[in-house]
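Listing of work_0.csv; format and content: CSV, C-alpha atoms.
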chain,number,residue,atom,x,y,z
A,1384,MET,CA,-18.1,16.1,-14.4
A,1385,GLN,CA,-19.8,17.0,-11.1
A,1386,GLN,CA,-19.6,14.0,-8.7
A,1387,ASN,CA,-22.8,12.8,-7.0
A,1388,PHE,CA,-24.3,9.6,-5.6
A,1389,LYS,CA,-25.0,8.1,-9.0
A,1390,ASN,CA,-21.5,8.5,-10.4
A,1391,HIS,CA,-19.2,8.6,-7.3
A,1392,VAL,CA,-17.9,5.0,-7.7
A,1393,ARG,CA,-14.6,5.0,-9.5
A,1394,MET,CA,-13.7,2.1,-11.8
A,1395,VAL,CA,-10.3,1.9,-13.5
A,1396,PRO,CA,-11.0,-0.2,-16.6
A,1397,GLY,CA,-7.4,-1.4,-17.0
A,1398,PHE,CA,-7.3,-2.6,-13.4
A,1399,HIS,CA,-10.8,-3.7,-12.7
A,1400,TYR,CA,-11.8,-5.2,-16.0
A,1401,LEU,CA,-8.7,-6.1,-18.1
A,1402,THR,CA,-6.7,-7.5,-15.2
A,1403,THR,CA,-9.6,-9.5,-14.0
A,1404,LEU,CA,-10.2,-10.8,-17.5
A,1405,PHE,CA,-6.5,-11.8,-18.0
A,1406,ILE,CA,-6.3,-13.6,-14.7
A,1407,LEU,CA,-9.5,-15.5,-15.4
A,1408,ALA,CA,-8.2,-16.4,-18.9
A,1409,ILE,CA,-5.0,-17.7,-17.4
A,1410,LEU,CA,-7.0,-19.7,-14.9
A,1411,VAL,CA,-9.3,-21.2,-17.5
A,1412,LEU,CA,-6.4,-22.0,-19.8
A,1413,GLY,CA,-4.5,-23.6,-16.9
A,1414,ILE,CA,-7.5,-25.8,-16.1
A,1415,ILE,CA,-7.9,-26.8,-19.8
A,1416,ASN,CA,-4.2,-27.5,-20.1
A,1417,LEU,CA,-4.1,-29.6,-16.9
A,1418,ILE,CA,-7.1,-31.6,-17.9
A,1419,SER,CA,-5.6,-32.2,-21.3
A,1420,GLU,CA,-2.3,-33.3,-19.7
A,1421,ILE,CA,-4.1,-35.7,-17.4
A,1422,ARG,CA,-6.2,-37.2,-20.2
A,1423,GLU,CA,-3.2,-37.7,-22.4
A,1424,GLY,CA,-1.1,-39.2,-19.6
A,1425,GLU,CA,1.5,-36.4,-19.8
A,1426,ASP,CA,3.5,-34.7,-17.1
A,1427,TRP,CA,1.2,-32.4,-15.1
A,1428,THR,CA,4.0,-29.9,-14.3
A,1429,GLU,CA,3.0,-27.3,-17.0
A,1430,GLY,CA,-0.7,-27.4,-16.1
A,1431,LEU,CA,0.0,-27.1,-12.4
A,1432,MET,CA,2.4,-24.2,-13.1
A,1433,PHE,CA,-0.4,-22.3,-15.0
A,1434,LEU,CA,-2.8,-22.9,-12.2
A,1435,LEU,CA,-0.3,-21.7,-9.6
A,1436,ILE,CA,0.4,-18.6,-11.7
A,1437,ALA,CA,-3.3,-17.9,-12.0
A,1438,PHE,CA,-3.9,-18.3,-8.3
A,1439,THR,CA,-0.8,-16.2,-7.4
A,1440,LEU,CA,-2.0,-13.4,-9.7
A,1441,ALA,CA,-5.5,-13.5,-8.3
A,1442,SER,CA,-4.1,-13.3,-4.8
A,1443,LEU,CA,-1.9,-10.4,-5.7
A,1444,PHE,CA,-4.8,-8.6,-7.5
A,1445,TRP,CA,-7.1,-9.2,-4.4
A,1446,TYR,CA,-4.6,-8.2,-1.8
A,1447,ALA,CA,-3.3,-5.1,-3.7
A,1448,ARG,CA,-6.8,-3.8,-3.8
A,1449,THR,CA,-7.6,-4.7,-0.3
A,1450,PHE,CA,-4.4,-3.2,1.2
A,1451,ALA,CA,-5.0,0.1,-0.8
A,1452,LEU,CA,-8.6,0.3,0.3
A,1453,THR,CA,-7.7,-0.4,3.9
A,1454,ALA,CA,-5.1,2.4,3.9
A,1455,GLN,CA,-7.6,4.8,2.3
A,1456,ASP,CA,-10.3,3.8,4.8
A,1457,ARG,CA,-7.9,4.6,7.7
A,1458,ALA,CA,-7.0,8.0,6.2
A,1459,ILE,CA,-10.7,8.7,5.7
A,1460,ARG,CA,-11.4,7.8,9.3
A,1461,ALA,CA,-8.7,10.1,10.5
A,1462,GLU,CA,-9.8,13.0,8.2
A,1463,GLU,CA,-13.5,12.7,9.3
A,1464,SER,CA,-12.5,12.3,13.0
A,1465,LEU,CA,-10.6,15.6,12.7
A,1466,ARG,CA,-13.4,17.3,10.8
A,1467,TYR,CA,-16.0,16.2,13.4
A,1468,TYR,CA,-13.7,17.5,16.2
A,1469,GLN,CA,-13.2,20.8,14.4
A,1470,LEU,CA,-17.0,21.2,14.0
A,1471,THR,CA,-18.1,20.0,17.5
A,1472,GLY,CA,-15.1,20.1,19.8
A,1473,GLU,CA,-15.9,16.4,20.5
A,1474,ARG,CA,-14.5,13.1,19.4
A,1475,LEU,CA,-16.2,11.2,16.6
A,1476,PRO,CA,-18.9,9.0,18.2
A,1477,LYS,CA,-17.7,5.4,18.6
A,1478,GLU,CA,-21.1,4.2,17.6
A,1479,LEU,CA,-20.4,5.1,14.0
A,1480,ARG,CA,-19.3,2.2,11.9
A,1481,LEU,CA,-16.4,2.6,9.4
A,1482,SER,CA,-18.8,2.2,6.5
A,1483,GLN,CA,-20.9,5.1,7.9
A,1484,ILE,CA,-17.8,7.3,8.4
A,1485,ILE,CA,-16.7,6.6,4.8
A,1486,ALA,CA,-20.1,7.6,3.5
A,1487,LEU,CA,-20.2,10.7,5.6
A,1488,ARG,CA,-17.1,12.1,3.9
A,1489,PHE,CA,-19.4,13.2,1.0
A,1490,ALA,CA,-21.4,15.4,3.4
A,1491,PRO,CA,-20.5,19.1,3.5
A,1492,ASP,CA,-19.7,20.6,6.9
A,1493,GLU,CA,-23.3,21.9,7.5
A,1494,GLU,CA,-24.8,18.4,7.0
A,1495,PHE,CA,-22.0,16.3,8.5
A,1496,VAL,CA,-22.8,16.5,12.2
A,1497,PRO,CA,-26.6,16.2,12.0
A,1498,LEU,CA,-26.2,13.4,9.5
A,1499,ALA,CA,-23.7,11.6,11.7
A,1500,LYS,CA,-26.2,11.8,14.6
A,1501,GLN,CA,-29.0,10.6,12.4
A,1502,ALA,CA,-26.8,7.7,11.1
A,1503,ILE,CA,-26.3,6.5,14.7
A,1504,ALA,CA,-29.9,7.0,15.8
A,1505,GLU,CA,-31.5,5.3,12.8
A,1506,LYS,CA,-28.6,2.9,12.1
A,1507,LEU,CA,-28.4,4.2,8.5
A,1508,SER,CA,-26.5,2.2,6.0
A,1509,ALA,CA,-23.7,3.8,3.9
A,1510,LYS,CA,-26.1,3.9,0.9
A,1511,ASP,CA,-28.8,5.6,3.0
A,1512,ILE,CA,-26.3,8.2,4.3
A,1513,LYS,CA,-25.1,9.0,0.8
A,1514,GLN,CA,-28.7,9.3,-0.4
A,1515,ALA,CA,-29.5,11.7,2.4
A,1516,ILE,CA,-26.8,14.2,1.5
A,1517,ASN,CA,-28.3,17.3,-0.1
A,1518,ASN,CA,-25.1,19.1,-1.3
A,1519,TRP,CA,-22.7,16.4,-2.3
A,1520,LYS,CA,-19.0,17.1,-1.4
A,1521,ALA,CA,-17.0,15.3,-4.1
A,1522,ASP,CA,-14.0,13.0,-3.3
A,1523,TYR,CA,-11.9,12.7,-6.5
A,1524,HIS,CA,-8.9,11.2,-4.7
A,1525,ARG,CA,-10.2,7.8,-3.7
A,1526,VAL,CA,-9.3,4.9,-6.1
For the file at hand, write its structure as structure tokens.
Amino acid sequence: MQQNFKNHVRMVPGFHYLTTLFILAILVLGIINLISEIREGEDWTEGLMFLLIAFTLASLFWYARTFALTAQDRAIRAEESLRYYQLTGERLPKELRLSQIIALRFAPDEEFVPLAKQAIAEKLSAKDIKQAINNWKADYHRV
């Protein structure tokens, strides 16, 4: 499938949907179990353990995604800085925000520099930059 603005977001169902669902289920069941134990005057250890497991899994899920995206964002910044330098002989303008640089990766070389300058001048959002691209340059490697 040809990548474009409308379909460039990549969702991995097993990660984004199933894992989220499972973590939420553990959290809800842990809360139910804890409330039941409290009401029945039982030991809270099992209920607290379920909640700790749920919060631990949620933290792992969140940080695994955040760390991966941060590493990818750094790689994109380096790639686009090099591309800008190759096209202009100058360093990537410091006025560009990371979100703008990430959006600019979809611009082909002939649109990249003018669009970068426009992004700075008009303070374009990442969405605006992506929508301004005429000939989408696909990125199939980002997860």
Quick one: which stretch 1486-1513 of chain A residues come within 8 Å of stretch 1453-1467 of chain A, and what is the nearest atom pair for each with the distance in Å to one decimal, counting only C-alpha atoms, rows ordered by chain and ascending number, as JSON lines?
{"residue": "A:Leu1487", "atom": "CA", "partner": "A:Glu1463", "partner_atom": "CA", "distance": 7.9}
{"residue": "A:Arg1488", "atom": "CA", "partner": "A:Glu1463", "partner_atom": "CA", "distance": 6.5}
{"residue": "A:Phe1495", "atom": "CA", "partner": "A:Tyr1467", "partner_atom": "CA", "distance": 7.7}
{"residue": "A:Val1496", "atom": "CA", "partner": "A:Tyr1467", "partner_atom": "CA", "distance": 6.9}
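In this model, the gap between atom CA of A:Leu1435 and atom CA of A:Arg1422 comes to 19.7 Å.
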Taking all atoms listed in the file into account, which of A:Leu1407, A:Ser1508, A:Pro1497, A:Ser1419 comes nearest A:Thr1439?
-> A:Leu1407
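With all atoms listed in the file as the basis for measurement, A:Gln1483 is the residue among A:Gln1483, A:Arg1474, A:Leu1440, A:Asp1492 that approaches A:Asp1511 most closely.
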Atom CA of A:Ala1447 to atom CA of A:His1399: how many Å, to one decimal?
->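 Result for atom CA of A:Ala1447 versus atom CA of A:His1399: 11.8 Å, one decimal.
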Would you please work out which residue, of A:Trp1519, A:Ala1408, A:Phe1438, A:His1524, is nearest to A:Gln1385 when using all atoms listed in the file?
->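 When distances to A:Gln1385 are compared using all atoms listed in the file, the smallest one comes from A:Trp1519.
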Shell around A:Ala1521 at 9 Å using only C-alpha atoms, local window under 3 positions removed, as a VMD selection string | chain A and resid 1385 to 1387 1391 1488 to 1490
Name all residues at most 9 Å from A:Lys1510 (count only C-alpha atoms; drop same-chain ones fewer than 5 positions away) and give them as a count of residues only.
-> 4
Calculate how many Å separate atom CA of A:Ile1409 from atom CA of A:Gly1397, rounding to one decimal.
->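 Taking atom CA of A:Ile1409 as the start and atom CA of A:Gly1397 as the end point, the length is 16.5 Å.
Among the candidates A:Ile1512, A:Ile1503, A:Ile1406, A:Val1395, the one nearest to A:Trp1445 when counting all atoms listed in the file is A:Ile1406.
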Pick from A:Met1432, A:Met1394, A:Ala1509, A:Gly1424: nearest to A:Leu1412, with only C-alpha atoms counted?
->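 Among A:Met1432, A:Met1394, A:Ala1509, A:Gly1424, it is A:Met1432 that comes nearest to A:Leu1412.
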